[in-house]
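These notes concern the structure reproduced below.
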Amino acid sequence: MFYGGDYNPEQWPEEVWDDDVELMREAGVTAVTVGVFAWSHLEPEEGVYDFGWLDRVLDRLHAGGIGVVLATPTASPPPWFTLAHPAGLPVNADGVRLTHGSRDTYCVSSRPYRAAARRIAGELGRRYAHHPAVAMWHVHNEYGTDCRCDLTAEAFRSWLAKRHGSLEALNEAWTTAFWSQRYSDWAQIMPPRATQYLPNPAQVLDFRRFLSDEMLGAFVEQRDLLRSVNPSIPITTNFVQGGWVSVDHARWAAEVDIVAVDHYPDSADIAAEEETAFAGDLARSWGGGRWLLMETAPNLIYTRGRMHAKEPGRMTRHSLGYVARGSAGAMYFQWRQPLGGAELFHSAMVPHAGPDSPVFREATSLGRILAALPGLDAGSPAAEVAVTWDAPSWWALQGAGLPSAGIDYLAAVRQAHRALYRAGVATDFVFPGLPLDLARHRMVVVPHLYLVSAEAAAAFRDFVASGGTLVLGPLSGIAEPSARVLPGGYPAAFREISGVRVTEWHPLDPASPVTLDDGGTARGWSERVELTGATARARYAGGVLAGEPAITRHDFGDGTCWYVSAGLDDDGWERLLRAVAAEAGISAVLEGVPPGVEAVRRGPLLFLLNHNPSAVTVPLPEPAVDVLTGSSVAAGAAVGVAAGGVAILDCQGWKARR
Ligand code: GAL
């Protein structure tokens with residue numbers, strides 16, 4: 001179990017370091033991430049290195065039994081870099097070249113930046129790849145910057161030439177006949193830059209794909225350097241999810257030894273628990289079961305407009321929620337709260353108040369809990385239900401010129417996941433941008449899968465034909481991966497399996513929802529649906545579509561395809577997915593779980609996370625052993641879980657449940 005956080009000894013005098021190691025031992029910390037933003041300390045002048053302090057830090061940590069996740073510091077080039085290599089700085093869409101003063105100020109396509117990054121990574125590799133403290137390499141930090149400079153333009157053109165093969169093919173894929181954008185020379189193609197009106201959506205989408213591949217190239221360069229020195233040390237980079245991040249993590253996952261994820265829920269209410277479950281399931285699915293929570297906030301979280309202190313027990317519950325979903329540990333940003341710098345009030349395991357503080361006490365108790373867990377295998381994805389995740393569809397649906405400003409890919413996927421979470425059903429994610437293997441799943445939910453390749457459409461068809469249950473949400477199967485619309489009626493790629501043909505979209509004013517005849521509500525979105533084989537399960541009960549199908553069901557081959565044309569609210573999705581799952585014979589992880597309690601299986605362990613402010617009891621169908629107290633629980637007996645608390649039960653011998 002990795003338990004610890006980002007540790008920045010370079011921000012502190014050396015006398016604090018001994019105190020740090022002692023406190024880490026007290027808290028049960030097993031590993032810390034060192035060096036993430038330490039470039040200006042490691043290479044104070046170009047080509048001049050100072051590793052003495054890092055030697056002393058690593059030796060001290062090792063002597064204290066603390067492992068090190070050693071970072072390459074390439075997410076924040078030092079000020080000397082700016083002056084020596086102005087071409088290594090990013091240029092934004094308005095043509096403004098940024099300068100140092102923050103972090104992530106570099107252009108990933110610039111040769112001087114790449115050379116400088118390789119150099120410092122290579123030096124670190126040579127010096128520390130055999131240091132006994134080093135347990136893992138952490139390359140860079142949260143790849144995700146964006147640059148539109150001339151060097152980027154050159155790299156973009158080469159990438160496009162490989163993707164499209166010829167200018168003709170590019171002109172076709174980008175529909176450049178629209179608004180006289182036809183390119184007659186590769187040199188005419190630019191990254192999306194400030195322009196007069198709406199940009200070309202296919203150009204914007206390809207640019208985001210290009211950035212993802214370009215950054216991946218930068219990661220792979222460092223990874224291969226480090227691997228060549230000592231192949232036995234696992235190498236990762238921490239993924240961050242955000243609408244601005246042009247990284248297709250599902251693709252990147254194949255290039256890291258273990259998926260590592262940073263996750264910061266931005267809600268203070270139950271939505272934070274739902275987000276945690278979402279992030280954990282997504283990370284586990286990216287990693288094929290193997291992943292590590294690399295960063296989260298131990299205490300104060302940024303909610304919209306203010307910071308929110310986690311209530312007692314919440315740090316523990318969140319952390320164990322990630323572990324229950326397969327994380328190889330719980331790591332935080334950060335170990336010690338800094339006295340200055342841009343994030344000076346960001347929470348830490350050792351806050352400004354020092355170790356005599358609620359957060360440090362909770363960190364210490366969590367350290368004991370993690371140490372008490374039996375050795376766990378990777379959290380193998382074992383769910384029968386999957387939701388689709390597709391970064392390019394997200395990017396395409398962030399574009400301008402769409403039929404509603406209310407379209408929100410992330411919100412749609414989270415809503416589908418949330419409905420299954422509330423139904424207590426274990427959920428994986430699958431990635432239609434990669435070769436799809438749906439054989440493990442019995443039910444797949446497809447929210448807003450706007451772009452779909454012919455291969456993915458065929459995989460969904462085979463899935464349904466051979467007995468699977470597919471639930472298609474609106475805005476799915478609309479366009480080819482290039483973003484060109486598939487004609488003939490939506491959901492074009494899925495018309496045959498869904499047995500419906502959508503002839504018009506009717507985006508709704510979110511303030512004026514429309515009711516459905518099954519008691520549900522359509523908010524923000526509705527469609528005119530023609531039945532071409534499907535039967536209507538709910539119809540619009542008001543508005544211009546009154547009497548028209550809203551939710552449909554279609555038997556296709558041995559399986560079933562549902563189509564949801566309406567922007568259902570949370571209750572509607574939960575009701576629908578509960579009913580569809582029940583029909584498909586899929587049950588909850590554990591029956592009889594009170595509301596607000598989460599039951600998650602990881603191998604032999606059952607985690608019960610009580611998000612309620614009052615204690616609950618949960619009946620167990622078979623005998624189990626409480627891992628934290630050592631007591632046995634008989635079959636049919638109820639296990640008590642304290643208010644905001646967690647119970648972890650060893651369920652070895654239970655018949656297979658997901
Ligand atoms: C992460 C980042 C950390 C820190 C943290 C604050 O995205 O990797 O360095 O900035 O956010 O929440």
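Following the order of the structure tokens, first chain is A, next is B, and so on, with residues numbered from 1 inside each chain and ligands from 1 in the order they appear.
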Using only C-alpha atoms and all ligand atoms, what are the residues with an atom within 9 Å of ligand 1, set out as a short mmCIF file (atom, residue, chain, number, x, y, z; two decimals) with N, CA, C and O atoms, in the first residue's frame?
```cif
data_model
loop_
_atom_site.label_atom_id
_atom_site.label_comp_id
_atom_site.auth_asym_id
_atom_site.auth_seq_id
_atom_site.Cartn_x
_atom_site.Cartn_y
_atom_site.Cartn_z
N ASP A 6 2.72 14.16 -1.74
CA ASP A 6 3.77 14.98 -2.34
C ASP A 6 4.58 15.60 -1.20
O ASP A 6 4.02 16.22 -0.30
N VAL A 36 8.62 16.87 -7.53
CA VAL A 36 7.71 17.18 -8.63
C VAL A 36 8.02 18.55 -9.25
O VAL A 36 8.05 18.68 -10.46
N PHE A 37 8.23 19.55 -8.39
CA PHE A 37 8.49 20.89 -8.95
C PHE A 37 9.87 21.40 -8.52
O PHE A 37 10.02 22.56 -8.16
N ASN A 141 4.29 16.11 -14.27
CA ASN A 141 3.12 16.26 -13.43
C ASN A 141 1.94 16.68 -14.29
O ASN A 141 1.99 17.71 -14.96
N GLU A 142 0.92 15.87 -14.26
CA GLU A 142 -0.35 16.22 -14.91
C GLU A 142 -0.16 16.82 -16.31
O GLU A 142 -0.45 18.00 -16.54
N ASN A 238 1.05 11.15 -13.42
CA ASN A 238 -0.27 11.31 -12.79
C ASN A 238 -1.27 11.94 -13.74
O ASN A 238 -1.07 13.02 -14.25
N PHE A 239 -2.37 11.22 -13.97
CA PHE A 239 -3.43 11.70 -14.86
C PHE A 239 -4.31 12.69 -14.10
O PHE A 239 -4.63 12.47 -12.94
N VAL A 240 -4.70 13.74 -14.80
CA VAL A 240 -5.70 14.64 -14.21
C VAL A 240 -6.81 14.80 -15.22
O VAL A 240 -6.57 14.85 -16.43
N ASP A 262 -4.86 11.78 -10.20
CA ASP A 262 -5.10 12.83 -9.20
C ASP A 262 -6.59 13.09 -9.22
O ASP A 262 -7.19 13.23 -10.30
N HIS A 263 -7.17 13.20 -8.05
CA HIS A 263 -8.61 13.43 -8.04
C HIS A 263 -9.02 14.36 -6.91
O HIS A 263 -8.72 14.11 -5.75
N TYR A 264 -9.70 15.41 -7.30
CA TYR A 264 -10.15 16.42 -6.34
C TYR A 264 -11.64 16.68 -6.54
O TYR A 264 -12.02 17.48 -7.39
N MET A 294 -2.80 9.02 -6.83
CA MET A 294 -1.54 9.71 -6.59
C MET A 294 -1.74 11.00 -5.81
O MET A 294 -0.87 11.42 -5.08
N GLU A 295 -2.86 11.65 -5.99
CA GLU A 295 -3.11 12.90 -5.26
C GLU A 295 -4.59 13.05 -4.97
O GLU A 295 -5.42 12.85 -5.86
N THR A 296 -4.88 13.47 -3.77
CA THR A 296 -6.19 14.03 -3.46
C THR A 296 -5.96 14.96 -2.27
O THR A 296 -4.85 15.02 -1.73
N ALA A 297 -6.98 15.71 -1.88
CA ALA A 297 -6.77 16.66 -0.78
C ALA A 297 -7.09 15.98 0.55
O ALA A 297 -8.16 15.38 0.69
N ILE A 301 -11.09 21.11 0.62
CA ILE A 301 -11.26 20.92 -0.81
C ILE A 301 -11.82 22.20 -1.39
O ILE A 301 -12.54 22.93 -0.71
N TYR A 302 -11.48 22.46 -2.64
CA TYR A 302 -12.00 23.64 -3.30
C TYR A 302 -13.39 23.33 -3.81
O TYR A 302 -13.56 22.52 -4.72
N TYR A 332 -1.61 11.86 -1.19
CA TYR A 332 -2.26 13.18 -1.11
C TYR A 332 -1.36 14.26 -1.68
O TYR A 332 -0.14 14.15 -1.68
N PHE A 333 -1.99 15.33 -2.08
CA PHE A 333 -1.27 16.57 -2.20
C PHE A 333 -1.71 17.34 -0.97
O PHE A 333 -2.85 17.80 -0.91
N GLN A 334 -0.91 17.32 0.06
CA GLN A 334 0.50 17.16 0.12
C GLN A 334 0.89 16.80 1.53
O GLN A 334 0.04 16.77 2.43
N ALA A 342 1.89 29.72 -4.46
CA ALA A 342 0.54 29.93 -5.00
C ALA A 342 -0.53 29.10 -4.28
O ALA A 342 -1.69 29.46 -4.28
N GLU A 343 -0.12 27.96 -3.69
CA GLU A 343 -1.14 27.09 -3.07
C GLU A 343 -0.94 27.03 -1.56
O GLU A 343 -1.04 25.97 -0.94
N HIS A 346 -3.59 25.36 0.49
CA HIS A 346 -4.06 24.03 0.10
C HIS A 346 -3.80 23.07 1.26
O HIS A 346 -2.77 23.14 1.92
N SER A 347 -4.72 22.15 1.50
CA SER A 347 -4.59 21.31 2.69
C SER A 347 -3.42 20.35 2.59
O SER A 347 -2.89 20.09 1.51
#
```
Would you pick out the contacts of Ala511 (chain A) at 12 Å or less, using only C-alpha atoms, so that residues sharing its chain but fewer than 5 positions from it are not included, and give the list as a ChimeraX atom specification? /A:406,522-525
Enumerate the residues of region 277-357 of chain A with a DSSP assignment of strand (DSSP E or B), computed from the backbone, and present them as a PDB file with all heavy atoms, in the first residue's frame.
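Below is the file that was written, part.pdb:
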```pdb
ATOM      1  N   TRP A 291      -4.141   0.509 -10.428  1.00  0.00           N
ATOM      2  CA  TRP A 291      -4.010   1.965 -10.440  1.00  0.00           C
ATOM      3  C   TRP A 291      -3.681   2.461  -9.049  1.00  0.00           C
ATOM      4  O   TRP A 291      -3.785   1.724  -8.058  1.00  0.00           O
ATOM      5  CB  TRP A 291      -5.293   2.624 -10.952  1.00  0.00           C
ATOM      6  CG  TRP A 291      -6.452   2.618  -9.994  1.00  0.00           C
ATOM      7  CD1 TRP A 291      -7.260   1.562  -9.716  1.00  0.00           C
ATOM      8  CD2 TRP A 291      -6.927   3.728  -9.206  1.00  0.00           C
ATOM      9  NE1 TRP A 291      -8.224   1.942  -8.819  1.00  0.00           N
ATOM     10  CE2 TRP A 291      -8.043   3.259  -8.482  1.00  0.00           C
ATOM     11  CE3 TRP A 291      -6.530   5.054  -9.055  1.00  0.00           C
ATOM     12  CZ2 TRP A 291      -8.766   4.073  -7.607  1.00  0.00           C
ATOM     13  CZ3 TRP A 291      -7.246   5.860  -8.193  1.00  0.00           C
ATOM     14  CH2 TRP A 291      -8.352   5.377  -7.472  1.00  0.00           C
ATOM     15  N   LEU A 292      -3.268   3.708  -8.991  1.00  0.00           N
ATOM     16  CA  LEU A 292      -2.904   4.313  -7.709  1.00  0.00           C
ATOM     17  C   LEU A 292      -3.467   5.728  -7.645  1.00  0.00           C
ATOM     18  O   LEU A 292      -3.288   6.511  -8.581  1.00  0.00           O
ATOM     19  CB  LEU A 292      -1.372   4.368  -7.593  1.00  0.00           C
ATOM     20  CG  LEU A 292      -0.811   5.166  -6.405  1.00  0.00           C
ATOM     21  CD1 LEU A 292      -1.215   4.534  -5.068  1.00  0.00           C
ATOM     22  CD2 LEU A 292       0.718   5.253  -6.482  1.00  0.00           C
ATOM     23  N   LEU A 293      -4.123   6.018  -6.540  1.00  0.00           N
ATOM     24  CA  LEU A 293      -4.543   7.395  -6.290  1.00  0.00           C
ATOM     25  C   LEU A 293      -3.286   8.178  -5.917  1.00  0.00           C
ATOM     26  O   LEU A 293      -2.748   8.018  -4.834  1.00  0.00           O
ATOM     27  CB  LEU A 293      -5.537   7.464  -5.130  1.00  0.00           C
ATOM     28  CG  LEU A 293      -5.897   8.908  -4.763  1.00  0.00           C
ATOM     29  CD1 LEU A 293      -6.826   9.522  -5.780  1.00  0.00           C
ATOM     30  CD2 LEU A 293      -6.492   8.999  -3.370  1.00  0.00           C
ATOM     31  N   MET A 294      -2.803   9.019  -6.833  1.00  0.00           N
ATOM     32  CA  MET A 294      -1.539   9.711  -6.594  1.00  0.00           C
ATOM     33  C   MET A 294      -1.738  10.998  -5.812  1.00  0.00           C
ATOM     34  O   MET A 294      -0.868  11.415  -5.078  1.00  0.00           O
ATOM     35  CB  MET A 294      -0.847   9.979  -7.941  1.00  0.00           C
ATOM     36  CG  MET A 294       0.557  10.492  -7.835  1.00  0.00           C
ATOM     37  SD  MET A 294       1.647   9.312  -7.009  1.00  0.00           S
ATOM     38  CE  MET A 294       2.335   8.406  -8.397  1.00  0.00           C
ATOM     39  N   GLU A 295      -2.860  11.649  -5.990  1.00  0.00           N
ATOM     40  CA  GLU A 295      -3.111  12.902  -5.258  1.00  0.00           C
ATOM     41  C   GLU A 295      -4.590  13.047  -4.975  1.00  0.00           C
ATOM     42  O   GLU A 295      -5.425  12.847  -5.860  1.00  0.00           O
ATOM     43  CB  GLU A 295      -2.760  14.124  -6.120  1.00  0.00           C
ATOM     44  CG  GLU A 295      -1.322  14.458  -6.274  1.00  0.00           C
ATOM     45  CD  GLU A 295      -1.173  15.750  -7.103  1.00  0.00           C
ATOM     46  OE1 GLU A 295      -2.067  16.609  -7.088  1.00  0.00           O
ATOM     47  OE2 GLU A 295      -0.147  15.853  -7.784  1.00  0.00           O
ATOM     48  N   ILE A 301     -11.091  21.111   0.622  1.00  0.00           N
ATOM     49  CA  ILE A 301     -11.260  20.921  -0.814  1.00  0.00           C
ATOM     50  C   ILE A 301     -11.824  22.204  -1.391  1.00  0.00           C
ATOM     51  O   ILE A 301     -12.542  22.934  -0.715  1.00  0.00           O
ATOM     52  CB  ILE A 301     -12.169  19.717  -1.144  1.00  0.00           C
ATOM     53  CG1 ILE A 301     -13.452  19.734  -0.298  1.00  0.00           C
ATOM     54  CG2 ILE A 301     -11.435  18.428  -0.944  1.00  0.00           C
ATOM     55  CD1 ILE A 301     -14.398  18.605  -0.623  1.00  0.00           C
ATOM     56  N   TYR A 302     -11.482  22.457  -2.640  1.00  0.00           N
ATOM     57  CA  TYR A 302     -12.003  23.644  -3.303  1.00  0.00           C
ATOM     58  C   TYR A 302     -13.392  23.328  -3.811  1.00  0.00           C
ATOM     59  O   TYR A 302     -13.557  22.516  -4.716  1.00  0.00           O
ATOM     60  CB  TYR A 302     -11.124  24.025  -4.496  1.00  0.00           C
ATOM     61  CG  TYR A 302      -9.784  24.558  -4.113  1.00  0.00           C
ATOM     62  CD1 TYR A 302      -8.696  23.717  -3.975  1.00  0.00           C
ATOM     63  CD2 TYR A 302      -9.604  25.919  -3.872  1.00  0.00           C
ATOM     64  CE1 TYR A 302      -7.457  24.200  -3.620  1.00  0.00           C
ATOM     65  CE2 TYR A 302      -8.361  26.412  -3.518  1.00  0.00           C
ATOM     66  CZ  TYR A 302      -7.290  25.547  -3.390  1.00  0.00           C
ATOM     67  OH  TYR A 302      -6.072  26.025  -3.041  1.00  0.00           O
ATOM     68  N   THR A 303     -14.400  23.886  -3.203  1.00  0.00           N
ATOM     69  CA  THR A 303     -15.721  23.789  -3.788  1.00  0.00           C
ATOM     70  C   THR A 303     -15.883  25.080  -4.566  1.00  0.00           C
ATOM     71  O   THR A 303     -15.014  25.950  -4.526  1.00  0.00           O
ATOM     72  CB  THR A 303     -16.792  23.649  -2.700  1.00  0.00           C
ATOM     73  OG1 THR A 303     -16.614  24.712  -1.780  1.00  0.00           O
ATOM     74  CG2 THR A 303     -16.650  22.333  -1.970  1.00  0.00           C
ATOM     75  N   ARG A 306     -15.331  28.611  -2.634  1.00  0.00           N
ATOM     76  CA  ARG A 306     -14.750  28.646  -1.282  1.00  0.00           C
ATOM     77  C   ARG A 306     -14.151  27.281  -0.966  1.00  0.00           C
ATOM     78  O   ARG A 306     -14.449  26.281  -1.622  1.00  0.00           O
ATOM     79  CB  ARG A 306     -15.800  29.014  -0.239  1.00  0.00           C
ATOM     80  CG  ARG A 306     -16.789  27.935   0.060  1.00  0.00           C
ATOM     81  CD  ARG A 306     -17.865  28.389   1.044  1.00  0.00           C
ATOM     82  NE  ARG A 306     -18.927  27.400   1.076  1.00  0.00           N
ATOM     83  CZ  ARG A 306     -19.039  26.457   2.006  1.00  0.00           C
ATOM     84  NH1 ARG A 306     -18.185  26.403   3.013  1.00  0.00           N
ATOM     85  NH2 ARG A 306     -20.008  25.576   1.961  1.00  0.00           N
ATOM     86  N   MET A 307     -13.328  27.276   0.068  1.00  0.00           N
ATOM     87  CA  MET A 307     -12.765  26.006   0.496  1.00  0.00           C
ATOM     88  C   MET A 307     -13.690  25.391   1.543  1.00  0.00           C
ATOM     89  O   MET A 307     -14.364  26.094   2.288  1.00  0.00           O
ATOM     90  CB  MET A 307     -11.389  26.220   1.102  1.00  0.00           C
ATOM     91  CG  MET A 307     -10.340  26.579   0.095  1.00  0.00           C
ATOM     92  SD  MET A 307      -8.732  26.612   0.916  1.00  0.00           S
ATOM     93  CE  MET A 307      -7.699  27.155  -0.414  1.00  0.00           C
ATOM     94  N   HIS A 308     -13.677  24.097   1.586  1.00  0.00           N
ATOM     95  CA  HIS A 308     -14.561  23.386   2.501  1.00  0.00           C
ATOM     96  C   HIS A 308     -13.707  22.385   3.277  1.00  0.00           C
ATOM     97  O   HIS A 308     -12.989  21.583   2.670  1.00  0.00           O
ATOM     98  CB  HIS A 308     -15.631  22.657   1.684  1.00  0.00           C
ATOM     99  CG  HIS A 308     -16.549  21.841   2.520  1.00  0.00           C
ATOM    100  ND1 HIS A 308     -17.755  22.326   2.970  1.00  0.00           N
ATOM    101  CD2 HIS A 308     -16.430  20.590   3.013  1.00  0.00           C
ATOM    102  CE1 HIS A 308     -18.340  21.405   3.701  1.00  0.00           C
ATOM    103  NE2 HIS A 308     -17.560  20.333   3.739  1.00  0.00           N
ATOM    104  N   SER A 327      -7.410   1.011  -5.861  1.00  0.00           N
ATOM    105  CA  SER A 327      -6.172   1.781  -5.779  1.00  0.00           C
ATOM    106  C   SER A 327      -5.130   1.035  -4.945  1.00  0.00           C
ATOM    107  O   SER A 327      -5.448   0.431  -3.921  1.00  0.00           O
ATOM    108  CB  SER A 327      -6.437   3.157  -5.159  1.00  0.00           C
ATOM    109  OG  SER A 327      -5.200   3.825  -4.983  1.00  0.00           O
ATOM    110  N   ALA A 328      -3.879   1.151  -5.398  1.00  0.00           N
ATOM    111  CA  ALA A 328      -2.772   0.525  -4.670  1.00  0.00           C
ATOM    112  C   ALA A 328      -2.360   1.381  -3.479  1.00  0.00           C
ATOM    113  O   ALA A 328      -1.249   1.230  -2.965  1.00  0.00           O
ATOM    114  CB  ALA A 328      -1.596   0.322  -5.614  1.00  0.00           C
ATOM    115  N   GLY A 329      -3.208   2.283  -3.053  1.00  0.00           N
ATOM    116  CA  GLY A 329      -2.893   3.082  -1.877  1.00  0.00           C
ATOM    117  C   GLY A 329      -3.633   4.398  -1.906  1.00  0.00           C
ATOM    118  O   GLY A 329      -4.561   4.593  -2.705  1.00  0.00           O
ATOM    119  N   ALA A 330      -3.226   5.289  -1.012  1.00  0.00           N
ATOM    120  CA  ALA A 330      -3.854   6.611  -0.937  1.00  0.00           C
ATOM    121  C   ALA A 330      -2.748   7.635  -0.734  1.00  0.00           C
ATOM    122  O   ALA A 330      -2.034   7.597   0.267  1.00  0.00           O
ATOM    123  CB  ALA A 330      -4.842   6.659   0.219  1.00  0.00           C
ATOM    124  N   MET A 331      -2.587   8.487  -1.730  1.00  0.00           N
ATOM    125  CA  MET A 331      -1.545   9.515  -1.677  1.00  0.00           C
ATOM    126  C   MET A 331      -2.236  10.874  -1.780  1.00  0.00           C
ATOM    127  O   MET A 331      -3.285  11.004  -2.407  1.00  0.00           O
ATOM    128  CB  MET A 331      -0.568   9.347  -2.841  1.00  0.00           C
ATOM    129  CG  MET A 331       0.097   7.981  -2.947  1.00  0.00           C
ATOM    130  SD  MET A 331       1.468   7.764  -1.792  1.00  0.00           S
ATOM    131  CE  MET A 331       2.749   8.723  -2.598  1.00  0.00           C
ATOM    132  N   TYR A 332      -1.613  11.864  -1.189  1.00  0.00           N
ATOM    133  CA  TYR A 332      -2.258  13.179  -1.114  1.00  0.00           C
ATOM    134  C   TYR A 332      -1.360  14.258  -1.682  1.00  0.00           C
ATOM    135  O   TYR A 332      -0.140  14.148  -1.683  1.00  0.00           O
ATOM    136  CB  TYR A 332      -2.559  13.544   0.354  1.00  0.00           C
ATOM    137  CG  TYR A 332      -3.395  12.498   0.994  1.00  0.00           C
ATOM    138  CD1 TYR A 332      -2.798  11.436   1.658  1.00  0.00           C
ATOM    139  CD2 TYR A 332      -4.768  12.525   0.857  1.00  0.00           C
ATOM    140  CE1 TYR A 332      -3.572  10.423   2.191  1.00  0.00           C
ATOM    141  CE2 TYR A 332      -5.545  11.521   1.388  1.00  0.00           C
ATOM    142  CZ  TYR A 332      -4.940  10.471   2.050  1.00  0.00           C
ATOM    143  OH  TYR A 332      -5.706   9.470   2.559  1.00  0.00           O
ATOM    144  N   ARG A 336       3.295  18.408   3.743  1.00  0.00           N
ATOM    145  CA  ARG A 336       3.357  19.540   4.685  1.00  0.00           C
ATOM    146  C   ARG A 336       2.854  20.798   3.994  1.00  0.00           C
ATOM    147  O   ARG A 336       3.261  21.100   2.873  1.00  0.00           O
ATOM    148  CB  ARG A 336       4.794  19.739   5.173  1.00  0.00           C
ATOM    149  CG  ARG A 336       4.904  20.567   6.430  1.00  0.00           C
ATOM    150  CD  ARG A 336       6.357  20.787   6.801  1.00  0.00           C
ATOM    151  NE  ARG A 336       6.926  19.834   7.746  1.00  0.00           N
ATOM    152  CZ  ARG A 336       6.771  19.864   9.057  1.00  0.00           C
ATOM    153  NH1 ARG A 336       6.034  20.789   9.627  1.00  0.00           N
ATOM    154  NH2 ARG A 336       7.363  18.977   9.824  1.00  0.00           N
ATOM    155  N   VAL A 350       0.210  17.468   7.206  1.00  0.00           N
ATOM    156  CA  VAL A 350       0.709  18.267   8.332  1.00  0.00           C
ATOM    157  C   VAL A 350       0.370  19.727   8.008  1.00  0.00           C
ATOM    158  O   VAL A 350       1.030  20.362   7.191  1.00  0.00           O
ATOM    159  CB  VAL A 350       2.239  18.107   8.511  1.00  0.00           C
ATOM    160  CG1 VAL A 350       2.713  18.905   9.724  1.00  0.00           C
ATOM    161  CG2 VAL A 350       2.618  16.639   8.643  1.00  0.00           C
TER     162      VAL A 350
END
```
Residues within 12 Å of Val96 (chain A), only C-alpha atoms, excluding chain neighbours under 3 positions, as a list in words: Leu89, Pro90, Val91, Asn92, Ala93, Thr99, Cys147, Arg148, Cys149, Arg193 and Ala194 of chain A
Figure out the distance between CA of Val247 (chain A) and CA of Asp213 (chain A), please, to one decimal in Å. 7.8 Å
Pick from A:Leu451, A:Ala117, A:Ala426, A:Leu628: nearest to Ala382 (chain A), with only C-alpha atoms counted?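 Nearest candidate to Ala382 (chain A) out of A:Leu451, A:Ala117, A:Ala426, A:Leu628: A:Ala426.
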Counting only C-alpha atoms, what are the residues of region 189-251 of chain A within 10 Å of region 394-401 of chain A, and for each of them which pair of atoms is the nearest and at what distance in Å, to one decimal? Sort the table by chain and rising number, as a tab-separated table.
```
residue	atom	partner	partner_atom	distance
A:Tyr197	CA	A:Ala400	CA	9.9
A:Leu198	CA	A:Ala400	CA	6.6
A:Pro199	CA	A:Ala400	CA	7.9
A:Asn200	CA	A:Gly399	CA	9.2
A:Pro201	CA	A:Gly399	CA	6.5
A:Ala202	CA	A:Ala396	CA	8.1
A:Val204	CA	A:Gly399	CA	8.1
A:Leu205	CA	A:Ala396	CA	6.1
A:Asp206	CA	A:Ala396	CA	9.6
A:Arg208	CA	A:Trp395	CA	7.6
A:Arg209	CA	A:Trp395	CA	9.2
A:Gly243	CA	A:Trp395	CA	7.8
A:Trp244	CA	A:Trp395	CA	9.0
A:Val245	CA	A:Trp395	CA	9.5
A:Ser246	CA	A:Trp395	CA	8.2
```
Shell of 9 Å around Gln222 (chain A), only C-alpha atoms, local chain residues under 2 positions omitted, as a list of chain:residue names: A:Thr72, A:Ala117, A:Arg118, A:Ala121, A:Gly122, A:Val139, A:His140, A:Gly217, A:Ala218, A:Phe219, A:Val220, A:Asp224, A:Leu225, A:Leu226, A:Arg227
Just checking: using only C-alpha atoms, which residue out of A:Gly65, A:Gly477, A:Pro112, A:Gly499 ends up closest to His554 (chain A)? A:Gly499
So which bits of region 316-507 of chain A end up helix (DSSP H, G or I) when you DSSP the backbone, as JSON, numbers by chain? {"A": [316, 317, 318, 319, 320, 321, 322, 323, 324, 358, 359, 360, 361, 362, 363, 364, 365, 366, 367, 368, 369, 370, 371, 372, 391, 392, 393, 394, 395, 396, 409, 410, 411, 412, 413, 414, 415, 416, 417, 418, 419, 420, 421, 422, 454, 455, 456, 457, 458, 459, 460, 461, 462, 463, 464, 465, 492, 493, 494, 495, 496, 497, 498]}
Near Ala363 (chain A), within 12 Å and counting only C-alpha atoms, which residues show up once chain neighbours fewer than 5 positions away are dropped, as a VMD selection string? chain A and resid 3 to 5 23 to 29 297 to 299 312 to 317 319 330 to 332 334 to 335 348 to 351 355 to 358 368 to 370
Quick one: residues within 8 Å of Val108 (chain A), only C-alpha atoms, excluding same-chain residues fewer than 2 positions away - as a list of chain:residue names? A:Gly88, A:Tyr106, A:Ser110, A:Tyr113, A:Arg114, A:Thr145, A:Cys147, A:Glu214, A:Met215, A:Ala218
What would the file look like if the residues just selected were written as a short mmCIF file (atom, residue, chain, number, x, y, z; two decimals), in the first residue's frame with C-alpha atoms?
```cif
data_model
loop_
_atom_site.label_atom_id
_atom_site.label_comp_id
_atom_site.auth_asym_id
_atom_site.auth_seq_id
_atom_site.Cartn_x
_atom_site.Cartn_y
_atom_site.Cartn_z
CA GLY A 88 10.40 26.75 -25.45
CA TYR A 106 6.59 25.30 -21.71
CA SER A 110 9.72 22.71 -28.73
CA TYR A 113 12.22 22.09 -23.98
CA ARG A 114 12.26 18.44 -24.92
CA THR A 145 -0.64 22.11 -21.32
CA CYS A 147 0.49 25.66 -27.08
CA GLU A 214 2.47 14.92 -28.63
CA MET A 215 2.48 14.92 -24.84
CA ALA A 218 7.25 13.52 -24.40
#
```
Would you kindly return, as a PyMOL selection string, each protein, DNA or RNA residue with an atom no farther than 8 Å from any atom of Thr515 (chain A), considering only C-alpha atoms and excluding same-chain residues fewer than 5 positions away? chain A and resi 520-522+540-542
CA of Gly468 (chain A) to CA of Glu530 (chain A), distance in Å rounded to a single decimal: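 Calculated distance between CA of Gly468 (chain A) and CA of Glu530 (chain A) is 23.3 Å.
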Which is closest to Val580 (chain A) among A:His506, A:Arg553, A:Arg223, A:Arg284, if we use only C-alpha atoms?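 Once distances to Val580 (chain A) are computed over only C-alpha atoms, the minimum belongs to A:Arg553.
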